[in-house]
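Peer 1: Please see the structure below; I have some questions.
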Amino acid sequence: MIVFDLRCSRAHVFEAWFGSSATFEEQRERGLLVCPVCGDTAIGKAVMAPNVGAKGNSRNVVAAKPGSASAVSPTPSPQALKAALQAIAAAQAKALETSRWVGRGFADQARAMHVGETASVPIHGETTLAEAKALVDEGVPVAPLLLPVVPPDALN
């Protein structure tokens, strides 16, 4: 696996993993790469700092702050990342237990609740980036989910 810092035409920088440089180029040419911030598909490689491994007799540890019990590694372990993602997934699932799936009607229903046309209840669904920005501009309180959600009618 290889990691690249990528940049969209609007200067948003994000990280992505690929099987090889050829895989990156193939996905870029097919327009499969999308900026997670703005949805732009004009993606290129950003300038990256090299990842030079530490010498065998060196440790990658940040000095402990006065009064702290120990130093903390600046890079979380794969197990720590997995645990963090599991915690996020569990918290999102718990929040969605009381939320109703509204599918593509999300923007219309959120707007109707905001102006008082319908009762305010927790909902989640799908919307385009443009629709989400319009909702925010109108003062409708919305937030993206951190992890993808499978629509109920798509579950096995």
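Following the order of the structure tokens, first chain is A, next is B, and so on, with residues numbered from 1 inside each chain and ligands from 1 in the order they appear.
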Extract, using only C-alpha atoms, all DNA, RNA and protein residues at most 12 Å from Met113 in chain A, discarding same-chain residues fewer than 2 positions from it, and format them as a ChimeraX atom specification.
Peer 2: /A:106-111,115-123,135,139-142
Peer 1: Separation of CA of Pro144 in chain A and CA of Glu131 in chain A, in Å?
Peer 2: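 One can read the CA of Pro144 in chain A to CA of Glu131 in chain A distance as 12.1 Å.
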Peer 1: Take CA of Ile2 in chain A and CA of Thr23 in chain A and report the distance between them in Å, one decimal.
Peer 2: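 Value for the CA of Ile2 in chain A-CA of Thr23 in chain A distance: 9.9 Å.
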Peer 1: For Ala143 in chain A, which of A:Glu29, A:Glu126, A:Glu97, A:Asp40 is the closest residue, counting only C-alpha atoms?
Peer 2: A:Glu126
